[in-house]
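Asker: Take a look at this one; I'll ask things after.
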Amino acid sequence: MDRRDFIKTCGTVAVVSMLNRDFFSQALAQQKDGMFQAYKKALLVKQDGSPLKEEDIKPHVNYIFFYPHTATPCYLLNLGESIPPAEIKLKDGKSYKWGGGVGSKKSIVAYSAICAHQWSYPTPQYSFINYYPPDTPSETTKKAGIIQCCAHLALYDPKAGGSVIDGPAEFPLASIVLQEEGGNFYAVGVLGKDQFQQFFDNYRTELRQQYGSTAKARELVDKCIVMEVDKYVQAVVRC
Amino acid sequence: MSKQWSGVNRRELIGGAVAFGLTAPLMVYARTQKRQKAQVVIVGGGYGGVTTAKYLKKENPNLDVVLIEERPFFMSCPMSNHFLTGLMELTPLCFSYNVLEVKHGIRVLNDKVLGVELDKKVVRTSSGYIAYDYLVLSPGIDYDVEDKPFYKESLVYNPPAFKPGSEHIYLKRLIEDFEGGDIVITVPPPPYRCPPAPYERAALIASMIKKNNLKAHIYFIDANERPIINSEGFLSAYYDLYKDIATYITSAQVRDIDVHKRVVKTSHGDFKYDLANIIPPMKASGLLEDAGLLRKGQKWVEVNPLTFESSVKNVFVIGDACQSYLPKSGYAAHSEGKMVAKIINARIKGKEVKEEYLQMICYAMVSDKEAIMTETAFRYDTVSKRFVPTHREDNQRKESTAKRYEEWARGLWRDLFG
Ligand SMILES: Cc1cc2nc3c(=O)[nH]c(=O)nc-3n(C[C@H](O)[C@H](O)[C@H](O)COP(=O)(O)OP(=O)(O)OC[C@H]3O[C@@H](n4cnc5c(N)ncnc54)[C@H](O)[C@@H]3O)c2cc1C
Ligand code: FES
């Protein structure tokens, strides 16, 4: 193990050791395959700056926040029912353990909102990738309770670690590991195949325009403002 | 890009028989030493070829991948109707092949393939012969005009703009210079490249005329009975939005074109024009005929529908040039390229690949702001040994669909050149 690897592993240990022991050992095991990446622990807050509480996360509302970088969007969802852990299998044969929902009902999940297909993501102008609650099925695919990207119709299952239900995506959505502590929620890392490199490679110009510089867009956050997606995006494009 | 391997110097090219099985320009084929690694040669740097090259290297960075393309840069036909009618600049449609070399280590040869010698497993270019272990041919279409000389002359005067590049630039200029009068647009019988493209183009030209308040009338002459895809969406747009400025003539055959008198003669009468976009019938690139992959009278190359392999082992034909259950579209060529890359990489490793999910998405503008779309998912039925389509059309024209169309294209470009 070289020095950088060692520091990375120590970082992971420091963060995940605040979670239960079971998760601690799982996360370490996953670290071997590079499937879990710990980032700065960041508090989820409301737009007024106060910590986001469980009762603020209404069932089936699509919330957005940015983690682990200033510019990388994530979706927060309360799926209204207990979401058990799952083994997420990738097409390349790898797999990882996903911890399921958090909160008192284990119903709260979070995913990277960068589509794993060709990296469509919610911008202040448009969001082509969105959550479809159980009572609002997609017009095109007639499926509900899913995350669907309207660019090429990738469908993901928020109840199963963001795994691919249908469509052209090769990988699940990366999930954001949430931790609840004393009624507050923290994002602590990313599980699965994140698409951050492709995201920063592809959107250099756009990110420079929005954030001033790509370095700023890449900055790691320690606080995440959570808001409803249609308050952030001008046009939520459903299909 | 000059006519050379970008990133490979001339000495390597000529003396590179070790790596590439290449010879000096005398074109005497000799393989001096057995190559260590499998070499994949891809002909055609369009949607199919670029995808194959990129995905081959993505999965197997050590593989030798050579992409041969005669054009200096990639230009997308998808969204090119936007460019023709002033909704988009040309630059966003164009990409440099350098990216493929710099980011992925794909060797790009900017040259014309003059022939393919399947028995010797070599491709002939003006720089020499290139040996392959696996060959992927994605050279696209040619216009099928041999037996109709009037079409041939028309290609020069009235560019179809169904092959990317100078045809688009010239047609754009003709459209910009058009000040009013009669416009003729013709649609050939299928199969041709991109079924909705002529219908989209007609709608966008009509929309442009309306917007610019030009005194003009469009005669839209279709060899088919109705638009062959999204028929309801196109027809309602024509009848709701363009009824006063366009006449849609169906089941009409083009019989002659007088480019000097500017008249198109059809089975439904003669049409004089001030501006014409004559889209001729199409067939697979002539290169495939020369290679012996097209039998006499055949217009498209028959392939195994599950693998896109031709009748010759390890020679794959993808994209518009092949006869497949998928429509001739960029999205299909992209999916096929990905699939063939997987198959080749698996064969090299002595593995099998699982059956692939294939899906088609097609968008088309019907006005300068609104689009319609269709989505088809295909499943292979192992009992009937056929592909079963599930087809869904959204024929309601919407601005949000137009935005999705743009995102659809940008996604593909990100995937290929990002
Ligand atoms: C107006 C228009 C709009 C379209 N819109 C859409 C759309 O919205 N969605 C969609 O999915 N599809 C669309 N298409 C269709 C799409 O462009 C084609 O289906 C796609 O390009 C086919 O890919 P290909 O690889 O088979 O051929 P191409 O992309 O044409 O690539 C073939 C390449 O091979 C090269 N080549 C040929 N012969 C040789 C040779 N001898 N030596 C070296 N190089 C050679 C050519 O220069 C070319 O670059 C549209 C097409 C048109 C014309
Ligand atoms: S980018 Fe989301 S489906 Fe393609």
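Ordering of the structure tokens sets the chain letters (A, B, ...); residue numbers start at 1 within each chain; ligands are numbered from 1 in the order shown.
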Can you work out which residues from chain A touch chain B at a cut-off of 6 Å (counting only C-alpha atoms) and hand them back as a PyMOL selection string?

Answerer: chain A and resi 118+151+202

Asker: What does the file look like for those residues with N, CA and C atoms, as a PDB file, in the first residue's frame?

Answerer:
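Result saved to selection_1.pdb:
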```pdb
ATOM      1  N   GLN A 118     -25.242   8.812 -20.557  1.00  0.00           N
ATOM      2  CA  GLN A 118     -24.386   9.807 -21.218  1.00  0.00           C
ATOM      3  C   GLN A 118     -24.396  11.128 -20.453  1.00  0.00           C
ATOM      4  N   ALA A 151     -33.467  11.667 -21.932  1.00  0.00           N
ATOM      5  CA  ALA A 151     -32.621  11.837 -23.112  1.00  0.00           C
ATOM      6  C   ALA A 151     -32.624  10.561 -23.957  1.00  0.00           C
ATOM      7  N   ASN A 202     -16.690  16.515 -19.480  1.00  0.00           N
ATOM      8  CA  ASN A 202     -17.647  16.887 -20.518  1.00  0.00           C
ATOM      9  C   ASN A 202     -18.234  18.277 -20.362  1.00  0.00           C
TER      10      ASN A 202
END
```

Asker: Name the residues of stretch 185-233 of chain B that come out as strand (DSSP E) in a backbone DSSP run; write them as a list of chain:residue names.

Answerer: B:Ile185, B:Thr186, B:Val187, B:Ala216, B:His217, B:Ile218, B:Tyr219, B:Phe220, B:Ile221, B:Asp222

Asker: Give the residue list for ligand 2 at 9 Å, counting only C-alpha atoms and all ligand atoms, as a list in words, sorted by chain and then by residue number.

Answerer: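 Those within range of ligand 2 are Ile114, Cys115, Ala116, His117, Gln118, Trp119, Ser120, Tyr121, Phe128, Ile129, Gln148, Cys149, Cys150, Ala151, His152, Leu153, Ala154, Leu155, Gly167, Pro168 and Ala169 of chain A; Glu407, Trp408, Arg410, Gly411 and Leu412 of chain B.
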
Asker: I'd like a table as a Markdown table: residues in chain B with an atom no more than 6 Å from ligand 1, each row giving the shortest atom pair and its distance in Å to one decimal, only C-alpha atoms and all ligand atoms counted, sorted by chain and rising residue number.

Answerer:
```
| residue | atom | partner | partner_atom_place_in_ligand_line | distance |
| --- | --- | --- | --- | --- |
| B:Val43 | CA | ligand 1 | 44 (N) | 5.9 |
| B:Gly44 | CA | ligand 1 | 34 (O) | 3.1 |
| B:Gly45 | CA | ligand 1 | 49 (O) | 4.7 |
| B:Gly46 | CA | ligand 1 | 31 (O) | 3.1 |
| B:Tyr47 | CA | ligand 1 | 25 (O) | 4.2 |
| B:Gly48 | CA | ligand 1 | 25 (O) | 3.5 |
| B:Gly49 | CA | ligand 1 | 25 (O) | 5.4 |
| B:Ile68 | CA | ligand 1 | 43 (C) | 5.5 |
| B:Glu69 | CA | ligand 1 | 44 (N) | 3.8 |
| B:Glu70 | CA | ligand 1 | 43 (C) | 4.1 |
| B:Arg71 | CA | ligand 1 | 47 (O) | 5.2 |
| B:Cys77 | CA | ligand 1 | 17 (O) | 4.3 |
| B:Pro78 | CA | ligand 1 | 5 (N) | 3.3 |
| B:Met79 | CA | ligand 1 | 5 (N) | 5.9 |
| B:Ser80 | CA | ligand 1 | 1 (C) | 5.5 |
| B:Asn81 | CA | ligand 1 | 1 (C) | 5.5 |
| B:Asp111 | CA | ligand 1 | 43 (C) | 5.8 |
| B:Lys112 | CA | ligand 1 | 42 (N) | 3.6 |
| B:Val113 | CA | ligand 1 | 42 (N) | 3.8 |
| B:Leu114 | CA | ligand 1 | 41 (N) | 5.8 |
| B:Ser138 | CA | ligand 1 | 25 (O) | 4.7 |
| B:Pro139 | CA | ligand 1 | 34 (O) | 3.6 |
| B:Gly140 | CA | ligand 1 | 27 (O) | 3.6 |
| B:Phe162 | CA | ligand 1 | 53 (C) | 3.6 |
| B:Lys163 | CA | ligand 1 | 53 (C) | 5.9 |
| B:Arg193 | CA | ligand 1 | 19 (O) | 5.4 |
| B:Cys194 | CA | ligand 1 | 15 (C) | 4.4 |
| B:Ala197 | CA | ligand 1 | 3 (C) | 4.8 |
| B:Leu287 | CA | ligand 1 | 41 (N) | 5.9 |
| B:Gly319 | CA | ligand 1 | 26 (O) | 3.3 |
| B:Asp320 | CA | ligand 1 | 26 (O) | 3.9 |
| B:Ala321 | CA | ligand 1 | 26 (O) | 5.8 |
| B:Lys328 | CA | ligand 1 | 19 (O) | 4.7 |
| B:Ser329 | CA | ligand 1 | 19 (O) | 3.0 |
| B:Gly330 | CA | ligand 1 | 11 (O) | 3.5 |
| B:Tyr331 | CA | ligand 1 | 11 (O) | 3.9 |
| B:Ala333 | CA | ligand 1 | 23 (O) | 5.1 |
| B:Cys362 | CA | ligand 1 | 9 (N) | 5.5 |
| B:Tyr363 | CA | ligand 1 | 8 (O) | 5.7 |
```

Asker: Which residues are close to B:Val187, i.e. within 10 Å by only C-alpha atoms, leaving aside same-chain residues fewer than 6 positions away? Reply as a list in words.

Answerer: Pro195, Ala197, Pro198, Tyr199, Ala202, Phe220, Ile221, Asp222, Ala223, Asn224, Pro227, Thr250, Ser251, Ala252, Gln253, Val254, Asn277, Ile278, Ile279, Pro280 and Pro281 of chain B

Asker: Suppose we keep all heavy atoms; can you now write the selection as a short mmCIF file (atom, residue, chain, number, x, y, z; two decimals), in the first residue's frame?

Answerer:
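Produced file selection.cif, reproduced below:
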```
data_model
loop_
_atom_site.label_atom_id
_atom_site.label_comp_id
_atom_site.auth_asym_id
_atom_site.auth_seq_id
_atom_site.Cartn_x
_atom_site.Cartn_y
_atom_site.Cartn_z
N PRO B 195 -35.25 7.49 -41.65
CA PRO B 195 -36.61 7.62 -42.17
C PRO B 195 -37.30 8.97 -41.89
O PRO B 195 -37.94 9.52 -42.79
CB PRO B 195 -37.37 6.46 -41.52
CG PRO B 195 -36.30 5.46 -41.19
CD PRO B 195 -35.04 6.22 -40.93
N ALA B 197 -35.98 11.94 -41.45
CA ALA B 197 -35.20 13.16 -41.77
C ALA B 197 -35.82 14.02 -42.88
O ALA B 197 -35.88 15.24 -42.72
CB ALA B 197 -33.76 12.79 -42.11
N PRO B 198 -36.31 13.45 -44.00
CA PRO B 198 -36.90 14.34 -45.03
C PRO B 198 -38.14 15.06 -44.53
O PRO B 198 -38.39 16.21 -44.88
CB PRO B 198 -37.28 13.37 -46.16
CG PRO B 198 -36.52 12.12 -45.90
CD PRO B 198 -36.31 12.04 -44.42
N TYR B 199 -38.93 14.36 -43.68
CA TYR B 199 -40.18 14.95 -43.17
C TYR B 199 -39.86 16.08 -42.20
O TYR B 199 -40.53 17.10 -42.16
CB TYR B 199 -41.02 13.86 -42.49
CG TYR B 199 -41.32 12.73 -43.44
CD1 TYR B 199 -40.58 11.54 -43.41
CD2 TYR B 199 -42.29 12.87 -44.41
CE1 TYR B 199 -40.83 10.53 -44.31
CE2 TYR B 199 -42.54 11.86 -45.32
CZ TYR B 199 -41.81 10.68 -45.27
OH TYR B 199 -42.04 9.68 -46.17
N ALA B 202 -38.59 19.06 -44.34
CA ALA B 202 -39.70 19.79 -44.99
C ALA B 202 -40.40 20.69 -43.97
O ALA B 202 -40.69 21.86 -44.26
CB ALA B 202 -40.69 18.80 -45.59
N PHE B 220 -43.97 19.14 -51.56
CA PHE B 220 -43.27 18.08 -50.83
C PHE B 220 -43.71 16.75 -51.46
O PHE B 220 -44.83 16.29 -51.25
CB PHE B 220 -43.64 18.18 -49.34
CG PHE B 220 -42.90 17.23 -48.46
CD1 PHE B 220 -41.57 16.91 -48.70
CD2 PHE B 220 -43.53 16.66 -47.36
CE1 PHE B 220 -40.89 16.03 -47.88
CE2 PHE B 220 -42.85 15.79 -46.53
CZ PHE B 220 -41.53 15.47 -46.79
N ILE B 221 -42.82 16.18 -52.26
CA ILE B 221 -43.19 15.05 -53.12
C ILE B 221 -42.63 13.75 -52.54
O ILE B 221 -41.41 13.54 -52.52
CB ILE B 221 -42.65 15.30 -54.55
CG1 ILE B 221 -43.25 16.61 -55.08
CG2 ILE B 221 -42.99 14.13 -55.46
CD1 ILE B 221 -42.60 17.13 -56.32
N ASP B 222 -43.53 12.89 -52.09
CA ASP B 222 -43.13 11.70 -51.33
C ASP B 222 -43.41 10.45 -52.16
O ASP B 222 -44.52 10.27 -52.67
CB ASP B 222 -43.96 11.68 -50.02
CG ASP B 222 -43.44 10.67 -49.02
OD1 ASP B 222 -42.63 9.80 -49.42
OD2 ASP B 222 -43.86 10.73 -47.85
N ALA B 223 -42.42 9.57 -52.26
CA ALA B 223 -42.63 8.30 -52.96
C ALA B 223 -43.52 7.37 -52.14
O ALA B 223 -44.03 6.37 -52.65
CB ALA B 223 -41.28 7.63 -53.23
N ASN B 224 -43.68 7.70 -50.86
CA ASN B 224 -44.45 6.85 -49.95
C ASN B 224 -45.88 7.37 -49.79
O ASN B 224 -46.16 8.52 -50.12
CB ASN B 224 -43.76 6.81 -48.59
CG ASN B 224 -42.31 6.40 -48.74
OD1 ASN B 224 -42.01 5.25 -49.00
ND2 ASN B 224 -41.41 7.38 -48.65
N PRO B 227 -45.84 9.65 -44.23
CA PRO B 227 -44.55 9.60 -43.53
C PRO B 227 -44.35 8.21 -42.93
O PRO B 227 -45.30 7.66 -42.34
CB PRO B 227 -44.70 10.66 -42.45
CG PRO B 227 -45.69 11.63 -43.01
CD PRO B 227 -46.65 10.81 -43.80
N THR B 250 -48.36 12.58 -52.22
CA THR B 250 -47.89 11.25 -51.80
C THR B 250 -47.87 10.26 -52.96
O THR B 250 -48.49 10.50 -54.01
CB THR B 250 -48.79 10.70 -50.68
OG1 THR B 250 -50.12 10.62 -51.17
CG2 THR B 250 -48.75 11.60 -49.46
N SER B 251 -47.20 9.15 -52.75
CA SER B 251 -47.09 8.04 -53.72
C SER B 251 -46.66 8.55 -55.10
O SER B 251 -47.16 8.09 -56.13
CB SER B 251 -48.40 7.28 -53.84
OG SER B 251 -48.84 6.88 -52.59
N ALA B 252 -45.78 9.50 -55.13
CA ALA B 252 -45.36 10.10 -56.40
C ALA B 252 -43.91 9.69 -56.73
O ALA B 252 -43.03 9.80 -55.86
CB ALA B 252 -45.46 11.62 -56.31
N GLN B 253 -43.71 9.23 -57.95
CA GLN B 253 -42.36 8.80 -58.36
C GLN B 253 -41.68 9.93 -59.14
O GLN B 253 -42.31 10.54 -60.00
CB GLN B 253 -42.41 7.55 -59.27
CG GLN B 253 -43.38 6.47 -58.82
CD GLN B 253 -43.15 6.06 -57.38
OE1 GLN B 253 -42.01 5.91 -56.95
NE2 GLN B 253 -44.23 5.93 -56.60
N VAL B 254 -40.40 10.15 -58.84
CA VAL B 254 -39.64 11.14 -59.61
C VAL B 254 -39.20 10.46 -60.91
O VAL B 254 -38.61 9.38 -60.88
CB VAL B 254 -38.40 11.63 -58.82
CG1 VAL B 254 -37.54 12.55 -59.68
CG2 VAL B 254 -38.82 12.32 -57.54
N ASN B 277 -34.57 20.34 -53.07
CA ASN B 277 -33.78 19.40 -52.29
C ASN B 277 -34.24 18.00 -52.73
O ASN B 277 -35.26 17.49 -52.27
CB ASN B 277 -34.00 19.60 -50.79
CG ASN B 277 -33.18 18.65 -49.95
OD1 ASN B 277 -33.62 18.16 -48.92
ND2 ASN B 277 -31.97 18.35 -50.39
N ILE B 278 -33.49 17.46 -53.67
CA ILE B 278 -33.85 16.17 -54.26
C ILE B 278 -33.11 15.08 -53.50
O ILE B 278 -31.88 15.00 -53.55
CB ILE B 278 -33.45 16.13 -55.76
CG1 ILE B 278 -34.01 17.36 -56.50
CG2 ILE B 278 -33.89 14.81 -56.39
CD1 ILE B 278 -35.51 17.43 -56.60
N ILE B 279 -33.85 14.26 -52.79
CA ILE B 279 -33.22 13.19 -52.00
C ILE B 279 -33.36 11.89 -52.80
O ILE B 279 -34.48 11.37 -52.92
CB ILE B 279 -33.86 13.07 -50.60
CG1 ILE B 279 -33.80 14.44 -49.90
CG2 ILE B 279 -33.14 12.01 -49.78
CD1 ILE B 279 -34.63 14.53 -48.63
N PRO B 280 -32.27 11.39 -53.34
CA PRO B 280 -32.37 10.22 -54.23
C PRO B 280 -32.46 8.92 -53.44
O PRO B 280 -32.20 8.91 -52.23
CB PRO B 280 -31.06 10.27 -55.02
CG PRO B 280 -30.12 10.97 -54.13
CD PRO B 280 -30.90 11.85 -53.21
N PRO B 281 -32.79 7.80 -54.12
CA PRO B 281 -32.75 6.51 -53.43
C PRO B 281 -31.33 6.22 -52.95
O PRO B 281 -30.36 6.83 -53.43
CB PRO B 281 -33.16 5.50 -54.51
CG PRO B 281 -33.73 6.32 -55.61
CD PRO B 281 -33.17 7.68 -55.53
#
```
